[in-house]
Amino acid sequence: STSARVSNVSGVGLKQNIIQSAIDTLLEKQKRREAKVEPIFTTISHHEMPTTPVPGTVLVPQKSFSFIDPTLTLQDWIRQNTSVRVATEADDLEIAKLRLSVFSDFSPEVREQFCSRSCHVLHSRRMKGATCLVASVKCNQAGIDNSDGIVKSTSGPWTLGSVECSTHEFAGTELGMLRPVGTVMYVTEVAVSPKARRCGAGLTMMKGIENLARRRGVETVYLHVDVENLGALELYEKAGFSKLGNDPIYTEFTTKLNLHDGATRGRCHYLMHKEISEHQTWFEMLPVEEKKSIHGTIGFDMSDFGLFK
């Protein structure tokens, strides 16, 4: 998920510059992805529009249907009542607000601008085949007010987490070429509300990712995490993900996404993966000359990528 470090300097102008920088970075990241992973396949591509499960499908149901309990803490309520489902376009604004939570002290005008841009990016990525999941609590079933951590009567769902799952990141990479279409999935933009952290919401959302992968026949799920984000690293390891080494295939994939060491303001990232199925399908590593002539076999000319000259 995107993070920002803001120095302790006052002034609306400075704040607007900081969040504008974050917005521009978000849009530039999208432009780079669109430029780098434009599909050039003819019969095989990791750039496909998913058809199942449909938006609104529940992937992880809530554990219980508790009624108002004055002794129930916010943390307990979240653990018992969080569900995960495939997001619809109607969720985009709430997802954008969730991503904006780190900038909660900015003016309404700047917040509105960020949300508008974020919704645009969500729509653009959805058109490229990305699927967004949301974790939420149905507050109107028993009532919960997340503003002060007190369980009480209110209405409407509370979106406390979101994540994107996609495949187009693999297009044009050696990792993508070596894995059959539909066997890999990439996770990005993991966000959990600060008020819902350490309550099991993140782990429930990771379960939703795994269930989505199983429904689609995905064999391996990949993600990147900032090496300094110890909380996220702990979450992913608890969910069954493990770090990958410096194999050239993985290094090239990370570089293609512009997440190699120092590329994003000096930050470094681990590439992690989780094997969803016991059987992992890989295309055989062929000699260079055979890779060049593979066009007639799998539908595209690998020499077009400029990787095997």
# chains A, B, ... in the order shown; residues from 1 in each chain; ligands from 1
>>> select_by_dssp(residues="range 129-274 of chain A", states="strand (DSSP E)", output="CSV table (one decimal) with N, CA and C atoms, in the first residue's frame")
chain,number,residue,atom,x,y,z
A,131,THR,N,-9.1,-6.9,-10.1
A,131,THR,CA,-10.3,-7.1,-9.2
A,131,THR,C,-10.0,-6.6,-7.8
A,132,CYS,N,-10.9,-5.8,-7.3
A,132,CYS,CA,-10.7,-5.2,-6.0
A,132,CYS,C,-11.6,-5.9,-5.0
A,133,LEU,N,-11.0,-6.2,-3.8
A,133,LEU,CA,-11.8,-6.8,-2.7
A,133,LEU,C,-11.9,-5.8,-1.6
A,134,VAL,N,-13.0,-5.9,-0.9
A,134,VAL,CA,-13.2,-5.0,0.2
A,134,VAL,C,-13.6,-5.9,1.5
A,135,ALA,N,-13.0,-5.5,2.6
A,135,ALA,CA,-13.4,-6.1,3.9
A,135,ALA,C,-14.3,-5.1,4.6
A,136,SER,N,-15.4,-5.5,5.1
A,136,SER,CA,-16.3,-4.6,5.8
A,136,SER,C,-17.1,-5.2,6.9
A,137,VAL,N,-17.6,-4.4,7.7
A,137,VAL,CA,-18.5,-4.8,8.8
A,137,VAL,C,-19.9,-4.2,8.6
A,138,LYS,N,-20.9,-5.0,8.6
A,138,LYS,CA,-22.2,-4.5,8.4
A,138,LYS,C,-22.7,-3.9,9.7
A,157,PRO,N,-22.6,0.0,6.3
A,157,PRO,CA,-21.4,-0.8,6.4
A,157,PRO,C,-20.2,0.1,6.6
A,158,TRP,N,-19.2,-0.5,7.2
A,158,TRP,CA,-17.9,0.2,7.4
A,158,TRP,C,-16.9,-0.5,6.6
A,159,THR,N,-16.4,0.1,5.6
A,159,THR,CA,-15.3,-0.4,4.8
A,159,THR,C,-14.0,-0.2,5.5
A,160,LEU,N,-13.4,-1.3,6.0
A,160,LEU,CA,-12.2,-1.2,6.8
A,160,LEU,C,-10.9,-1.8,6.1
A,161,GLY,N,-11.1,-2.3,4.9
A,161,GLY,CA,-9.9,-2.8,4.2
A,161,GLY,C,-10.2,-3.0,2.7
A,162,SER,N,-9.2,-2.9,1.9
A,162,SER,CA,-9.3,-3.1,0.5
A,162,SER,C,-8.0,-3.6,-0.1
A,163,VAL,N,-8.1,-4.3,-1.2
A,163,VAL,CA,-6.9,-4.9,-1.9
A,163,VAL,C,-7.2,-5.1,-3.3
A,164,GLU,N,-6.2,-5.0,-4.2
A,164,GLU,CA,-6.4,-5.3,-5.6
A,164,GLU,C,-5.6,-6.5,-6.0
A,165,CYS,N,-6.3,-7.3,-6.9
A,165,CYS,CA,-5.7,-8.6,-7.4
A,165,CYS,C,-5.7,-8.5,-8.9
A,166,SER,N,-4.6,-8.7,-9.5
A,166,SER,CA,-4.5,-8.6,-11.0
A,166,SER,C,-3.5,-9.5,-11.6
A,184,VAL,N,-1.2,-17.5,-12.2
A,184,VAL,CA,-0.5,-16.5,-11.3
A,184,VAL,C,-1.4,-15.3,-11.1
A,185,MET,N,-1.2,-14.7,-9.9
A,185,MET,CA,-2.0,-13.5,-9.6
A,185,MET,C,-1.1,-12.6,-8.7
A,186,TYR,N,-1.3,-11.3,-8.9
A,186,TYR,CA,-0.5,-10.3,-8.2
A,186,TYR,C,-1.3,-9.5,-7.3
A,187,VAL,N,-0.9,-9.2,-6.1
A,187,VAL,CA,-1.6,-8.5,-5.1
A,187,VAL,C,-1.0,-7.1,-4.8
A,188,THR,N,-1.7,-6.1,-4.8
A,188,THR,CA,-1.2,-4.8,-4.6
A,188,THR,C,-2.3,-3.9,-3.9
A,189,GLU,N,-1.8,-2.7,-3.5
A,189,GLU,CA,-2.7,-1.7,-2.9
A,189,GLU,C,-3.4,-2.3,-1.7
A,190,VAL,N,-2.7,-3.0,-0.8
A,190,VAL,CA,-3.3,-3.5,0.4
A,190,VAL,C,-3.5,-2.3,1.4
A,191,ALA,N,-4.7,-2.1,1.9
A,191,ALA,CA,-5.0,-1.0,2.8
A,191,ALA,C,-5.9,-1.5,3.9
A,192,VAL,N,-5.6,-1.1,5.1
A,192,VAL,CA,-6.5,-1.4,6.3
A,192,VAL,C,-6.6,-0.2,7.1
A,220,THR,N,-0.3,-19.7,-7.9
A,220,THR,CA,0.7,-18.9,-7.1
A,220,THR,C,0.2,-17.5,-7.0
A,221,VAL,N,0.3,-16.9,-5.8
A,221,VAL,CA,0.0,-15.5,-5.6
A,221,VAL,C,1.3,-14.8,-5.2
A,222,TYR,N,1.6,-13.6,-5.9
A,222,TYR,CA,2.8,-12.8,-5.6
A,222,TYR,C,2.4,-11.5,-5.1
A,223,LEU,N,3.3,-10.9,-4.3
A,223,LEU,CA,3.2,-9.5,-3.9
A,223,LEU,C,4.5,-8.9,-3.5
A,224,HIS,N,4.6,-7.6,-3.4
A,224,HIS,CA,5.8,-6.9,-3.0
A,224,HIS,C,5.5,-6.2,-1.7
A,225,VAL,N,6.5,-6.1,-0.8
A,225,VAL,CA,6.3,-5.4,0.5
A,225,VAL,C,7.5,-4.6,0.8
A,226,ASP,N,7.4,-3.4,1.3
A,226,ASP,CA,8.5,-2.6,1.7
A,226,ASP,C,9.2,-3.3,2.8
A,242,SER,N,6.0,-16.3,1.7
A,242,SER,CA,7.4,-16.3,2.0
A,242,SER,C,8.2,-15.5,1.0
A,243,LYS,N,9.3,-15.1,1.4
A,243,LYS,CA,10.2,-14.3,0.6
A,243,LYS,C,10.8,-15.1,-0.5
A,269,HIS,N,12.2,-3.4,-1.6
A,269,HIS,CA,11.0,-4.3,-1.4
A,269,HIS,C,11.4,-5.8,-1.5
A,270,TYR,N,10.7,-6.6,-0.8
A,270,TYR,CA,10.8,-8.0,-0.9
A,270,TYR,C,9.7,-8.5,-1.9
A,271,LEU,N,10.0,-9.5,-2.7
A,271,LEU,CA,9.0,-10.2,-3.5
A,271,LEU,C,8.6,-11.4,-2.7
A,272,MET,N,7.3,-11.6,-2.4
A,272,MET,CA,6.9,-12.7,-1.7
A,272,MET,C,5.9,-13.5,-2.5
A,273,HIS,N,5.7,-14.8,-2.1
A,273,HIS,CA,4.7,-15.6,-2.8
A,273,HIS,C,4.1,-16.6,-1.9
A,274,LYS,N,2.9,-17.1,-2.4
A,274,LYS,CA,2.3,-18.2,-1.7
A,274,LYS,C,1.8,-19.2,-2.7
>>> residues_around(residues="Ser118 in chain A", least_positions_apart="2", cutoff="9 Å", atoms="only C-alpha atoms", output="PyMOL selection string")
chain A and resi 23+26-27+92-93+95-97+99+113-116+120-123
>>> write_last_selection(atoms="N, CA and C atoms", output="CSV table (one decimal), in the first residue's frame")
chain,number,residue,atom,x,y,z
A,23,ILE,N,-0.6,12.1,-5.3
A,23,ILE,CA,-1.5,11.9,-6.4
A,23,ILE,C,-0.8,11.7,-7.7
A,26,LEU,N,0.8,8.4,-7.9
A,26,LEU,CA,-0.2,7.4,-8.2
A,26,LEU,C,-0.5,7.3,-9.7
A,27,LEU,N,-0.7,8.5,-10.3
A,27,LEU,CA,-1.0,8.5,-11.7
A,27,LEU,C,0.2,8.1,-12.6
A,92,ASP,N,-16.0,2.2,-5.0
A,92,ASP,CA,-14.7,3.0,-5.3
A,92,ASP,C,-14.5,4.2,-4.4
A,93,LEU,N,-15.5,4.9,-4.1
A,93,LEU,CA,-15.3,6.1,-3.3
A,93,LEU,C,-14.9,5.8,-1.9
A,95,ILE,N,-13.3,3.1,-1.1
A,95,ILE,CA,-11.9,2.6,-1.2
A,95,ILE,C,-10.9,3.7,-1.3
A,96,ALA,N,-11.3,4.7,-2.1
A,96,ALA,CA,-10.5,5.9,-2.2
A,96,ALA,C,-10.3,6.6,-0.8
A,97,LYS,N,-11.4,6.7,-0.1
A,97,LYS,CA,-11.4,7.4,1.2
A,97,LYS,C,-10.5,6.6,2.2
A,99,ARG,N,-7.9,4.7,1.3
A,99,ARG,CA,-6.5,5.0,0.9
A,99,ARG,C,-6.0,6.4,1.4
A,113,GLN,N,-10.1,16.0,-4.3
A,113,GLN,CA,-9.3,15.9,-5.5
A,113,GLN,C,-8.6,14.5,-5.5
A,114,PHE,N,-8.0,14.1,-4.3
A,114,PHE,CA,-7.4,12.8,-4.2
A,114,PHE,C,-8.3,11.7,-4.5
A,115,CYS,N,-9.5,11.8,-3.9
A,115,CYS,CA,-10.5,10.7,-4.1
A,115,CYS,C,-10.9,10.6,-5.5
A,116,SER,N,-11.1,11.7,-6.2
A,116,SER,CA,-11.5,11.7,-7.6
A,116,SER,C,-10.4,11.1,-8.5
A,120,HIS,N,-10.5,7.3,-10.5
A,120,HIS,CA,-10.2,7.2,-11.9
A,120,HIS,C,-9.2,6.1,-12.1
A,121,VAL,N,-8.2,6.0,-11.2
A,121,VAL,CA,-7.2,4.9,-11.3
A,121,VAL,C,-7.8,3.6,-11.1
A,122,LEU,N,-8.7,3.5,-10.1
A,122,LEU,CA,-9.4,2.2,-9.8
A,122,LEU,C,-10.2,1.8,-11.0
A,123,HIS,N,-10.9,2.7,-11.7
A,123,HIS,CA,-11.6,2.3,-12.9
A,123,HIS,C,-10.7,1.9,-14.0
>>> select_by_dssp(residues="range 73-290 of chain A", states="helix (DSSP H, G or I)", output="number ranges by chain")
A: 74-81, 89-103, 108-127, 139-142, 168-170, 174-178, 194-196, 201-215, 230-238, 248-256, 288-290
>>> atom_distance(atom1="CA of Ser83 in chain A", atom2="CA of Thr52 in chain A")
18.4 Å
>>> residues_around(residues="Pro53 in chain A", least_positions_apart="4", cutoff="12 Å", atoms="only C-alpha atoms", output="list in words")
Met49, Thr57, Val58, Leu59, Arg85, Val86, Ala87, Thr88, Thr131, Cys132, Leu133, Gly208, Asn211, Leu212, Ala213, Arg214, Arg215, Arg216 and Gly217 of chain A
>>> write_last_selection(atoms="N, CA and C atoms", output="compact mmCIF listing (two decimals), in the first residue's frame")
# COMPACT_ATOMS: atom_id res chain seq x y z
N MET A 49 -9.81 -9.97 -18.93
CA MET A 49 -10.88 -9.53 -18.04
C MET A 49 -11.47 -10.74 -17.32
N THR A 57 -19.77 -10.79 -4.95
CA THR A 57 -19.66 -12.15 -4.42
C THR A 57 -18.91 -12.14 -3.09
N VAL A 58 -19.47 -12.80 -2.09
CA VAL A 58 -18.83 -12.90 -0.78
C VAL A 58 -17.79 -14.01 -0.82
N LEU A 59 -16.57 -13.67 -0.45
CA LEU A 59 -15.47 -14.63 -0.45
C LEU A 59 -15.18 -15.16 0.95
N ARG A 85 -15.63 -9.40 0.27
CA ARG A 85 -16.37 -9.64 -0.97
C ARG A 85 -15.68 -8.94 -2.13
N VAL A 86 -16.07 -9.31 -3.34
CA VAL A 86 -15.57 -8.65 -4.54
C VAL A 86 -16.24 -7.28 -4.63
N ALA A 87 -15.45 -6.25 -4.77
CA ALA A 87 -15.98 -4.89 -4.80
C ALA A 87 -16.74 -4.61 -6.09
N THR A 88 -17.66 -3.67 -6.01
CA THR A 88 -18.35 -3.15 -7.18
C THR A 88 -17.88 -1.71 -7.40
N THR A 131 -9.15 -6.90 -10.06
CA THR A 131 -10.31 -7.13 -9.21
C THR A 131 -10.00 -6.58 -7.83
N CYS A 132 -10.88 -5.76 -7.32
CA CYS A 132 -10.70 -5.17 -5.99
C CYS A 132 -11.59 -5.92 -4.99
N LEU A 133 -11.02 -6.20 -3.84
CA LEU A 133 -11.77 -6.81 -2.75
C LEU A 133 -11.92 -5.81 -1.62
N GLY A 208 -9.51 -13.82 1.96
CA GLY A 208 -10.33 -13.52 0.79
C GLY A 208 -9.53 -13.61 -0.50
N ASN A 211 -9.10 -17.27 -1.31
CA ASN A 211 -10.34 -17.86 -1.82
C ASN A 211 -10.60 -17.42 -3.26
N LEU A 212 -10.29 -16.15 -3.57
CA LEU A 212 -10.42 -15.67 -4.95
C LEU A 212 -9.50 -16.46 -5.87
N ALA A 213 -8.26 -16.65 -5.42
CA ALA A 213 -7.28 -17.40 -6.21
C ALA A 213 -7.76 -18.83 -6.47
N ARG A 214 -8.28 -19.48 -5.46
CA ARG A 214 -8.76 -20.86 -5.62
C ARG A 214 -9.92 -20.92 -6.60
N ARG A 215 -10.82 -19.97 -6.53
CA ARG A 215 -11.96 -19.97 -7.44
C ARG A 215 -11.52 -19.82 -8.89
N ARG A 216 -10.41 -19.13 -9.10
CA ARG A 216 -9.94 -18.87 -10.45
C ARG A 216 -8.89 -19.88 -10.91
N GLY A 217 -8.56 -20.84 -10.07
CA GLY A 217 -7.57 -21.83 -10.45
C GLY A 217 -6.15 -21.32 -10.43
